[in-house]
There are 2 protein chains.
Amino acid sequence: MTRAYNFCAGPAAIPEPVLQKAKQELLNWGEIGASIMEMSHRSDAFLQIARDAEQSLRDLMRIPDNYKVLFLQGGASTQFAVIPMNLLRGKTRADYVRTGIWSHKAVDQAMPFCQVNVAADTMDKGYNFIPEINSWELDSEAAYFHYTPNETVGGVEFNFIPDTGDVPVVADMSSNILSRPIDVSKFGLIYAGAQKNIGPSGLTIVIVREDLIGNAISYTPTPFDYAVQAKDGSLYNTPPTFAWYLTGLVFKWLKEQGGPEAIAEINERKAKKLYAAIDATDFYYNDVKPDCRSWMNIPFQLKEKNMDQTFISEAAENGLLNLNGFRSVGGLRASIYNAVPEEAVDALVAFMAGFEKKYG
Amino acid sequence: MTRAYNFCAGPAAIPEPVLQKAKQELLNWGEIGASIMEMSHRSDAFLQIARDAEQSLRDLMRIPDNYKVLFLQGGASTQFAVIPMNLLRGKTRADYVRTGIWSHKAVDQAMPFCQVNVAADTMDKGYNFIPEINSWELDSEAAYFHYTPNETVGGVEFNFIPDTGDVPVVADMSSNILSRPIDVSKFGLIYAGAQKNIGPSGLTIVIVREDLIGNAISYTPTPFDYAVQAKDGSLYNTPPTFAWYLTGLVFKWLKEQGGPEAIAEINERKAKKLYAAIDATDFYYNDVKPDCRSWMNIPFQLKEKNMDQTFISEAAENGLLNLNGFRSVGGLRASIYNAVPEEAVDALVAFMAGFEKKYG
């Protein structure tokens, strides 16, 4: 088999030209006589890669100068604790909106650190919509407001950036960063595990407004003290250099595609095609409220529940990989991040039609 | 240039056959149609890799069944905080021995969590020897005893495992794990950043006796709660899958070399050759006490201090990379981990003789 179409939710597809480039220079990067993964993180070679990657991300997202960009380890799950450690700044309360499994985890993990106010919650209603912002119970004394703009499991995506006045907005963009243009200046902090829309797992991007850092709680592990890592260019300790390098290649690839503006058009088209295929028949369904359906993660169900494994297996035989739903919810899911080409969605839509014809 | 000899202290050389294998399957692992870095950490493909890597490490180190092996993120620098978070178990004191820059950092990072007793210290004496154990001021009520068996910067290596009675021994083996056989049963916990003697940066191995876990402090970020990760097979959150995969390949390579017993013979021979070259002339020197000279990291100085850059540059031109000393101490250093072949040391020794002839 050559390369298949890969709908994995994460670690997810990487653009093929990026893998080709990495393959080509895997044993000998830039004719230095070694792999880039064998070089010191303080070598000129790696420092150039690191700075280029940061600059590419700044260009792609138009990150204002008063924001620091950090390249850390530990994934979003570590940030769930590290964010309150860094951002409480002597305050005792934080606002969270719970709209899916990932924001739920973020709420739970913040509890040892502060009084968590769940300002809006759809847990008992199936995590399939975003409540109107005028119904939220926001706390003007909160140290920060946290939400998850795109929920990977439920397939629910915010179509607006919440305005919480002077309370800084913190967003877990693991699954939709760089999928469309966003106004970074509306956020206090944006974070993302790399393994969905950026690069390989093991790298976490944090974009943080500089006035919010420098007040970490004393027991914050130093590699997770934003101020320390900002001062040291994310080199306080050895970073995941190969993941950082690959991520830089992905950023370059995205620039070549035209950046978030251009990829957003493709992403919207991909999503619309797939939702249209799901909605066109009773054989498939997706119960997310239409105005907050995700462009990135599209969960869907078969009317005949016990057909899931057949669908997943036959899809794989046809070169369509990883269409299983999240392990705790089951069903099917297609994750169609930036690196998943439109042809992959076309192939999936065609397969779905054939599958319905065969079993419907 | 083809592949050079790479003496980098870390991220360090990877065995060339490992990189060749990774290159070959970078875009399509096991004919699944995707790179292994594009597959879910819960996929059958990755789970097999993960389990094989753990088993290989268990075989190589003869890890007893009552020890858990964890594959984490964050490096040893994160463990400096995470170890007290997990191992204090209601106690308030811990013993540390300070024999170099890395154990110094470990001491500093433990201070927010407990009363740190520095039981032995060579900081004011130049970090170039290991004090006799009968001079140490050990605390029988310490929650654990921490030391750094090999100091990467100073090039000081313990030639014994401290016996601290009922107090569990914790060792930062980042720079000498798998370099020779060790008796794991003498330790409570062994940890190592992968980027020196194991694989690429971004992965951290923790080997911990299971009776010591399950009492993490409430504010421990969950991905760093040993009990949680032990229960979840280090899959509580998304691990650095590609680094884990490469590490498994390195373990297989080390098995093919004959394991720690066989590699220890080579490592000892490599180190002896290089120390002999340094000691044979006044042009070069190393001031570490002979009975605790490291097999892995060999710092050395030139009598003519202002020749360091010339040495480093001319060595690089001759295909001998990364011979600079640690940034805060300067001088020269050759790190000769498992993946650095004996021919590299032979080439370095020959270059040193030529350099002395030219400039001595």
# chains A, B, ... in the order shown; residues from 1 in each chain; ligands from 1
>>> calpha_fit_and_write(fixed="chain B", moving="chain A", output="short mmCIF file (atom, residue, chain, number, x, y, z; two decimals) with C-alpha atoms, in the first residue's frame")
data_model
loop_
_atom_site.label_atom_id
_atom_site.label_comp_id
_atom_site.auth_asym_id
_atom_site.auth_seq_id
_atom_site.Cartn_x
_atom_site.Cartn_y
_atom_site.Cartn_z
CA MET A 1 29.82 15.58 3.70
CA THR A 2 28.55 12.15 4.70
CA ARG A 3 27.95 11.28 8.34
CA ALA A 4 30.49 12.81 10.70
CA TYR A 5 31.60 11.58 14.12
CA ASN A 6 29.34 13.35 16.58
CA PHE A 7 30.50 14.04 20.15
CA CYS A 8 27.47 16.13 21.13
CA ALA A 9 26.49 16.00 24.81
CA GLY A 10 22.80 16.02 23.91
CA PRO A 11 20.67 15.75 21.93
CA ALA A 12 23.33 13.24 20.95
CA ALA A 13 24.24 10.74 18.27
CA ILE A 14 21.71 8.06 17.33
CA PRO A 15 22.94 4.72 15.94
CA GLU A 16 23.05 5.03 12.17
CA PRO A 17 21.12 1.76 11.53
CA VAL A 18 18.27 3.20 13.62
CA LEU A 19 18.13 6.34 11.49
CA GLN A 20 18.29 4.24 8.31
CA LYS A 21 15.35 2.13 9.45
CA ALA A 22 13.35 5.21 10.46
CA LYS A 23 14.09 6.82 7.12
CA GLN A 24 12.96 3.75 5.22
CA GLU A 25 9.57 3.65 6.95
CA LEU A 26 9.07 7.37 7.56
CA LEU A 27 6.15 7.80 5.17
CA ASN A 28 4.69 4.34 5.46
CA TRP A 29 5.29 2.27 8.56
CA GLY A 30 4.62 -1.47 8.30
CA GLU A 31 2.71 -0.93 5.04
CA ILE A 32 -0.18 0.67 6.94
CA GLY A 33 -0.24 3.61 4.54
CA ALA A 34 0.88 6.25 7.04
CA SER A 35 3.86 7.29 9.10
CA ILE A 36 3.85 5.88 12.62
CA MET A 37 3.86 9.53 13.78
CA GLU A 38 0.47 9.96 12.07
CA MET A 39 -1.22 7.14 13.98
CA SER A 40 -3.22 7.32 17.18
CA HIS A 41 -1.28 6.45 20.32
CA ARG A 42 -4.13 3.97 20.94
CA SER A 43 -3.87 2.29 17.53
CA ASP A 44 -2.82 -1.37 17.42
CA ALA A 45 0.26 -0.35 15.44
CA PHE A 46 1.53 2.09 18.04
CA LEU A 47 0.53 -0.04 21.03
CA GLN A 48 2.69 -2.85 19.68
CA ILE A 49 5.63 -0.47 19.31
CA ALA A 50 5.08 0.90 22.81
CA ARG A 51 4.89 -2.52 24.46
CA ASP A 52 7.88 -3.84 22.51
CA ALA A 53 9.98 -0.85 23.56
CA GLU A 54 9.09 -1.35 27.22
CA GLN A 55 9.84 -5.07 27.03
CA SER A 56 13.18 -4.40 25.34
CA LEU A 57 14.16 -2.01 28.11
CA ARG A 58 13.02 -4.51 30.76
CA ASP A 59 15.17 -7.17 29.08
CA LEU A 60 18.21 -4.92 28.67
CA MET A 61 18.17 -3.65 32.26
CA ARG A 62 16.68 -6.82 33.83
CA ILE A 63 14.04 -4.68 35.48
CA PRO A 64 12.26 -6.60 38.25
CA ASP A 65 8.49 -7.10 37.94
CA ASN A 66 7.72 -4.83 40.88
CA TYR A 67 8.99 -1.82 38.94
CA LYS A 68 6.87 0.27 36.56
CA VAL A 69 8.42 1.71 33.41
CA LEU A 70 6.97 5.06 32.35
CA PHE A 71 7.46 6.95 29.08
CA LEU A 72 6.86 10.62 29.89
CA GLN A 73 7.57 14.11 28.57
CA GLY A 74 9.40 17.09 30.04
CA GLY A 75 12.96 15.84 30.44
CA ALA A 76 14.96 15.37 33.63
CA SER A 77 14.49 19.07 34.43
CA THR A 78 10.77 18.48 34.89
CA GLN A 79 11.45 15.39 36.98
CA PHE A 80 13.44 17.57 39.39
CA ALA A 81 10.04 18.90 40.58
CA VAL A 82 7.92 15.88 39.76
CA ILE A 83 10.02 13.53 41.90
CA PRO A 84 9.29 15.32 45.19
CA MET A 85 5.64 15.79 44.11
CA ASN A 86 5.34 12.00 43.82
CA LEU A 87 7.81 10.59 46.32
CA LEU A 88 7.53 12.70 49.46
CA ARG A 89 4.57 10.53 50.59
CA GLY A 90 3.74 12.82 53.50
CA LYS A 91 7.35 13.20 54.57
CA THR A 92 9.01 16.61 54.70
CA ARG A 93 12.68 15.97 54.08
CA ALA A 94 14.85 14.56 51.29
CA ASP A 95 18.58 13.88 50.97
CA TYR A 96 20.60 15.04 48.00
CA VAL A 97 24.26 14.71 47.06
CA ARG A 98 25.61 17.63 45.02
CA THR A 99 28.46 16.59 42.75
CA GLY A 100 27.93 18.73 39.67
CA ILE A 101 25.76 21.17 37.77
CA TRP A 102 22.87 18.73 37.26
CA SER A 103 22.60 17.55 40.85
CA HIS A 104 22.86 21.21 41.84
CA LYS A 105 19.81 21.97 39.70
CA ALA A 106 18.00 18.99 41.19
CA VAL A 107 18.64 20.40 44.68
CA ASP A 108 17.37 23.86 43.75
CA GLN A 109 14.23 22.54 42.07
CA ALA A 110 13.29 20.35 45.05
CA MET A 111 13.36 23.26 47.50
CA PRO A 112 9.76 24.48 46.98
CA PHE A 113 8.53 21.03 48.01
CA CYS A 114 10.57 19.89 51.00
CA GLN A 115 13.47 20.51 53.31
CA VAL A 116 16.49 19.53 51.27
CA ASN A 117 19.45 18.07 53.12
CA VAL A 118 22.63 18.25 51.05
CA ALA A 119 24.32 15.18 52.51
CA ALA A 120 27.54 15.68 50.57
CA ASP A 121 28.73 18.53 48.41
CA THR A 122 31.66 19.26 46.13
CA MET A 123 30.43 22.59 44.78
CA ASP A 124 33.18 24.64 46.45
CA LYS A 125 35.83 22.13 45.41
CA GLY A 126 35.28 22.19 41.68
CA TYR A 127 32.91 19.26 41.17
CA ASN A 128 35.77 16.95 40.24
CA PHE A 129 35.44 14.07 42.68
CA ILE A 130 32.92 11.98 44.66
CA PRO A 131 33.27 12.29 48.44
CA GLU A 132 33.70 9.08 50.44
CA ILE A 133 30.28 7.78 51.47
CA ASN A 134 31.31 7.50 55.13
CA SER A 135 31.61 11.31 55.19
CA TRP A 136 28.01 11.87 54.03
CA GLU A 137 25.45 13.25 56.49
CA LEU A 138 22.47 11.08 55.64
CA ASP A 139 19.04 11.48 57.23
CA SER A 140 17.30 8.20 58.05
CA GLU A 141 13.93 10.02 57.95
CA ALA A 142 14.43 11.33 54.41
CA ALA A 143 11.62 10.47 51.98
CA TYR A 144 14.28 9.55 49.44
CA PHE A 145 17.96 10.00 48.61
CA HIS A 146 18.79 11.64 45.24
CA TYR A 147 22.03 11.60 43.33
CA THR A 148 23.33 12.00 39.77
CA PRO A 149 25.44 8.93 38.93
CA ASN A 150 27.09 10.70 36.00
CA GLU A 151 27.56 14.45 35.74
CA THR A 152 27.51 15.44 32.07
CA VAL A 153 29.29 18.77 32.50
CA GLY A 154 31.99 17.90 35.03
CA GLY A 155 32.58 14.39 33.71
CA VAL A 156 32.34 12.81 37.17
CA GLU A 157 30.79 9.35 37.50
CA PHE A 158 30.05 7.30 40.61
CA ASN A 159 31.82 3.94 40.67
CA PHE A 160 29.40 2.61 43.31
CA ILE A 161 25.67 2.63 44.11
CA PRO A 162 25.09 4.34 47.47
CA ASP A 163 23.53 2.14 50.16
CA THR A 164 21.13 4.32 52.15
CA GLY A 165 19.32 1.57 54.06
CA ASP A 166 15.55 1.96 54.00
CA VAL A 167 15.67 5.34 52.26
CA PRO A 168 14.89 4.75 48.55
CA VAL A 169 17.66 5.74 46.15
CA VAL A 170 16.64 8.04 43.27
CA ALA A 171 19.07 8.45 40.38
CA ASP A 172 19.21 10.81 37.40
CA MET A 173 20.78 8.47 34.86
CA SER A 174 20.15 10.73 31.85
CA SER A 175 23.73 10.49 30.70
CA ASN A 176 24.76 6.96 31.66
CA ILE A 177 21.66 4.77 31.53
CA LEU A 178 22.33 1.57 29.56
CA SER A 179 26.04 2.35 29.31
CA ARG A 180 26.87 -0.59 31.60
CA PRO A 181 24.93 -3.17 33.61
CA ILE A 182 23.34 -1.87 36.81
CA ASP A 183 21.30 -3.59 39.52
CA VAL A 184 17.89 -1.89 39.27
CA SER A 185 16.73 -3.53 42.52
CA LYS A 186 19.06 -1.21 44.46
CA PHE A 187 17.03 1.83 43.33
CA GLY A 188 13.67 3.26 44.25
CA LEU A 189 13.53 5.30 41.06
CA ILE A 190 15.73 5.76 38.00
CA TYR A 191 14.99 8.51 35.51
CA ALA A 192 16.58 9.65 32.28
CA GLY A 193 15.97 12.16 29.56
CA ALA A 194 16.23 10.13 26.36
CA GLN A 195 18.40 12.53 24.39
CA LYS A 196 21.82 11.31 25.52
CA ASN A 197 22.03 7.55 25.66
CA ILE A 198 18.58 6.45 24.48
CA GLY A 199 17.04 8.38 21.59
CA PRO A 200 15.75 11.79 20.56
CA SER A 201 14.84 14.58 22.97
CA GLY A 202 11.27 14.94 24.18
CA LEU A 203 10.98 11.58 25.92
CA THR A 204 11.78 10.80 29.55
CA ILE A 205 12.04 7.31 31.01
CA VAL A 206 11.07 6.71 34.63
CA ILE A 207 11.61 3.32 36.26
CA VAL A 208 9.97 3.28 39.68
CA ARG A 209 9.32 0.69 42.39
CA GLU A 210 5.58 0.29 42.55
CA ASP A 211 5.26 0.57 46.33
CA LEU A 212 6.54 4.16 46.14
CA ILE A 213 3.76 5.49 43.90
CA GLY A 214 0.14 6.46 44.50
CA ASN A 215 0.73 9.33 46.92
CA ALA A 216 1.31 12.30 44.64
CA ILE A 217 0.63 15.78 46.03
CA SER A 218 -2.80 17.09 44.91
CA TYR A 219 -1.38 19.78 42.66
CA THR A 220 0.76 17.36 40.62
CA PRO A 221 -0.22 17.80 36.96
CA THR A 222 -1.94 14.48 36.18
CA PRO A 223 0.36 13.60 33.25
CA PHE A 224 3.16 13.60 35.86
CA ASP A 225 1.33 11.51 38.47
CA TYR A 226 3.33 8.29 38.30
CA ALA A 227 0.42 6.15 39.57
CA VAL A 228 -1.92 7.47 36.87
CA GLN A 229 0.59 6.93 34.09
CA ALA A 230 1.54 3.48 35.45
CA LYS A 231 -2.12 2.45 35.42
CA ASP A 232 -2.60 3.81 31.88
CA GLY A 233 0.58 2.36 30.37
CA SER A 234 1.92 5.94 29.93
CA LEU A 235 -1.08 6.72 27.71
CA TYR A 236 -3.04 8.94 30.09
CA ASN A 237 -2.43 11.67 27.53
CA THR A 238 -0.84 11.66 24.07
CA PRO A 239 2.80 10.59 24.42
CA PRO A 240 5.63 11.64 22.07
CA THR A 241 4.95 8.68 19.79
CA PHE A 242 7.73 9.16 17.26
CA ALA A 243 10.37 9.54 19.97
CA TRP A 244 9.00 6.42 21.68
CA TYR A 245 9.21 4.53 18.38
CA LEU A 246 12.80 5.63 17.74
CA THR A 247 13.73 4.70 21.28
CA GLY A 248 12.37 1.21 20.70
CA LEU A 249 14.62 0.94 17.65
CA VAL A 250 17.61 2.04 19.74
CA PHE A 251 16.80 -0.62 22.35
CA LYS A 252 16.66 -3.28 19.61
CA TRP A 253 19.99 -2.05 18.25
CA LEU A 254 21.51 -2.26 21.72
CA LYS A 255 20.25 -5.82 22.10
CA GLU A 256 21.95 -6.66 18.80
CA GLN A 257 25.19 -5.23 20.18
CA GLY A 258 24.94 -7.63 23.11
CA GLY A 259 23.23 -5.35 25.63
CA PRO A 260 24.77 -3.36 28.50
CA GLU A 261 27.37 -6.05 29.26
CA ALA A 262 28.84 -5.92 25.75
CA ILE A 263 28.51 -2.16 25.28
CA ALA A 264 30.19 -1.58 28.68
CA GLU A 265 33.35 -3.25 27.41
CA ILE A 266 33.39 -0.99 24.38
CA ASN A 267 32.56 2.07 26.47
CA GLU A 268 35.36 1.35 28.91
CA ARG A 269 37.82 0.88 26.06
CA LYS A 270 36.69 4.11 24.37
CA ALA A 271 37.08 6.07 27.60
CA LYS A 272 40.46 4.58 28.45
CA LYS A 273 41.82 5.46 25.01
CA LEU A 274 40.71 9.06 25.30
CA TYR A 275 41.93 9.55 28.88
CA ALA A 276 45.25 7.98 27.87
CA ALA A 277 45.58 10.51 25.05
CA ILE A 278 44.79 13.38 27.43
CA ASP A 279 47.16 12.14 30.15
CA ALA A 280 50.02 11.39 27.76
CA THR A 281 50.88 15.07 27.31
CA ASP A 282 50.79 18.39 29.15
CA PHE A 283 49.15 19.96 26.11
CA TYR A 284 45.76 18.51 27.21
CA TYR A 285 44.46 17.93 30.71
CA ASN A 286 41.47 16.65 32.67
CA ASP A 287 41.44 17.30 36.42
CA VAL A 288 38.79 14.77 37.50
CA LYS A 289 39.98 12.35 40.18
CA PRO A 290 40.90 9.16 38.27
CA ASP A 291 38.61 6.76 40.16
CA CYS A 292 35.49 8.74 39.22
CA ARG A 293 36.23 9.77 35.65
CA SER A 294 33.16 9.41 33.48
CA TRP A 295 32.98 6.87 30.68
CA MET A 296 30.40 8.98 28.89
CA ASN A 297 31.41 12.66 29.09
CA ILE A 298 35.07 13.54 28.95
CA PRO A 299 35.78 17.23 29.47
CA PHE A 300 39.32 18.34 28.77
CA GLN A 301 41.23 21.57 28.56
CA LEU A 302 44.02 22.92 26.41
CA LYS A 303 47.01 24.34 28.19
CA GLU A 304 46.62 27.29 25.81
CA LYS A 305 43.08 28.40 26.69
CA ASN A 306 42.62 30.70 23.74
CA MET A 307 43.05 27.76 21.35
CA ASP A 308 39.63 26.24 22.15
CA GLN A 309 37.86 27.72 19.13
CA THR A 310 40.68 26.69 16.81
CA PHE A 311 40.48 23.14 18.12
CA ILE A 312 36.69 22.99 17.75
CA SER A 313 36.75 24.43 14.22
CA GLU A 314 39.59 22.30 12.90
CA ALA A 315 38.03 19.20 14.46
CA ALA A 316 34.74 19.99 12.70
CA GLU A 317 36.57 20.41 9.40
CA ASN A 318 37.92 16.93 10.01
CA GLY A 319 34.48 15.46 10.60
CA LEU A 320 34.60 15.54 14.41
CA LEU A 321 31.55 17.48 15.57
CA ASN A 322 30.45 19.20 18.75
CA LEU A 323 33.61 19.11 20.86
CA ASN A 324 32.81 22.32 22.73
CA GLY A 325 32.49 22.24 26.52
CA PHE A 326 29.28 23.17 28.35
CA ARG A 327 28.41 26.81 27.76
CA SER A 328 28.96 27.91 31.37
CA VAL A 329 32.34 26.23 31.79
CA GLY A 330 33.92 26.39 28.34
CA GLY A 331 36.86 24.21 27.35
CA LEU A 332 36.40 21.03 25.37
CA ARG A 333 34.31 17.94 25.89
CA ALA A 334 33.81 14.66 24.07
CA SER A 335 30.59 12.84 24.85
CA ILE A 336 31.04 9.23 23.87
CA TYR A 337 27.69 7.59 24.50
CA ASN A 338 26.74 4.11 23.29
CA ALA A 339 25.96 5.37 19.78
CA VAL A 340 29.44 6.87 19.30
CA PRO A 341 31.55 4.14 17.71
CA GLU A 342 35.07 3.27 18.82
CA GLU A 343 36.36 4.51 15.42
CA ALA A 344 35.15 7.97 16.40
CA VAL A 345 37.36 7.93 19.48
CA ASP A 346 40.29 6.63 17.44
CA ALA A 347 39.77 9.47 14.97
CA LEU A 348 39.59 12.02 17.78
CA VAL A 349 42.77 10.69 19.42
CA ALA A 350 44.57 10.92 16.07
CA PHE A 351 43.28 14.44 15.51
CA MET A 352 44.43 15.49 19.01
CA ALA A 353 47.94 14.22 18.31
CA GLY A 354 48.04 16.12 15.02
CA PHE A 355 46.68 19.28 16.63
CA GLU A 356 49.34 19.16 19.34
CA LYS A 357 52.05 18.64 16.73
CA LYS A 358 50.80 21.67 14.81
CA TYR A 359 50.29 24.07 17.73
CA GLY A 360 52.03 22.54 20.75
#
>>> select_by_dssp(residues="stretch 24-136 of chain B", states="strand (DSSP E)", output="list of chain:residue names")
B:Tyr67, B:Lys68, B:Val69, B:Leu70, B:Phe71, B:Leu72, B:Arg93, B:Ala94, B:Asp95, B:Tyr96, B:Val97, B:Arg98, B:Gln115, B:Val116, B:Asn117, B:Val118, B:Ala119, B:Ala120, B:Asp121
>>> write_last_selection(atoms="C-alpha atoms", output="mmCIF file, in the first residue's frame")
data_model
loop_
_atom_site.group_PDB
_atom_site.id
_atom_site.type_symbol
_atom_site.label_atom_id
_atom_site.label_comp_id
_atom_site.auth_asym_id
_atom_site.auth_seq_id
_atom_site.Cartn_x
_atom_site.Cartn_y
_atom_site.Cartn_z
ATOM 1 C CA TYR B 67 8.989 -1.812 38.948
ATOM 2 C CA LYS B 68 6.877 0.275 36.571
ATOM 3 C CA VAL B 69 8.429 1.711 33.419
ATOM 4 C CA LEU B 70 6.972 5.067 32.341
ATOM 5 C CA PHE B 71 7.466 6.968 29.084
ATOM 6 C CA LEU B 72 6.870 10.634 29.893
ATOM 7 C CA ARG B 93 12.684 15.966 54.087
ATOM 8 C CA ALA B 94 14.839 14.565 51.301
ATOM 9 C CA ASP B 95 18.585 13.872 50.980
ATOM 10 C CA TYR B 96 20.606 15.053 48.002
ATOM 11 C CA VAL B 97 24.259 14.714 47.074
ATOM 12 C CA ARG B 98 25.626 17.629 45.039
ATOM 13 C CA GLN B 115 13.467 20.521 53.317
ATOM 14 C CA VAL B 116 16.487 19.519 51.265
ATOM 15 C CA ASN B 117 19.453 18.062 53.138
ATOM 16 C CA VAL B 118 22.626 18.242 51.063
ATOM 17 C CA ALA B 119 24.320 15.173 52.529
ATOM 18 C CA ALA B 120 27.545 15.677 50.572
ATOM 19 C CA ASP B 121 28.723 18.542 48.407
#
>>> select_by_dssp(residues="stretch 161-248 of chain B", states="alpha helix (DSSP H)", output="PyMOL selection string")
chain B and resi 226-231+241-248
>>> write_last_selection(atoms="C-alpha atoms", output="mmCIF file, in the first residue's frame")
data_model
loop_
_atom_site.group_PDB
_atom_site.id
_atom_site.type_symbol
_atom_site.label_atom_id
_atom_site.label_comp_id
_atom_site.auth_asym_id
_atom_site.auth_seq_id
_atom_site.Cartn_x
_atom_site.Cartn_y
_atom_site.Cartn_z
ATOM 1 C CA TYR B 226 3.329 8.292 38.297
ATOM 2 C CA ALA B 227 0.431 6.169 39.558
ATOM 3 C CA VAL B 228 -1.914 7.477 36.875
ATOM 4 C CA GLN B 229 0.611 6.940 34.081
ATOM 5 C CA ALA B 230 1.546 3.495 35.435
ATOM 6 C CA LYS B 231 -2.104 2.470 35.410
ATOM 7 C CA THR B 241 4.952 8.691 19.784
ATOM 8 C CA PHE B 242 7.748 9.165 17.261
ATOM 9 C CA ALA B 243 10.397 9.544 19.972
ATOM 10 C CA TRP B 244 9.007 6.421 21.680
ATOM 11 C CA TYR B 245 9.213 4.526 18.375
ATOM 12 C CA LEU B 246 12.821 5.629 17.741
ATOM 13 C CA THR B 247 13.735 4.701 21.288
ATOM 14 C CA GLY B 248 12.387 1.209 20.703
#
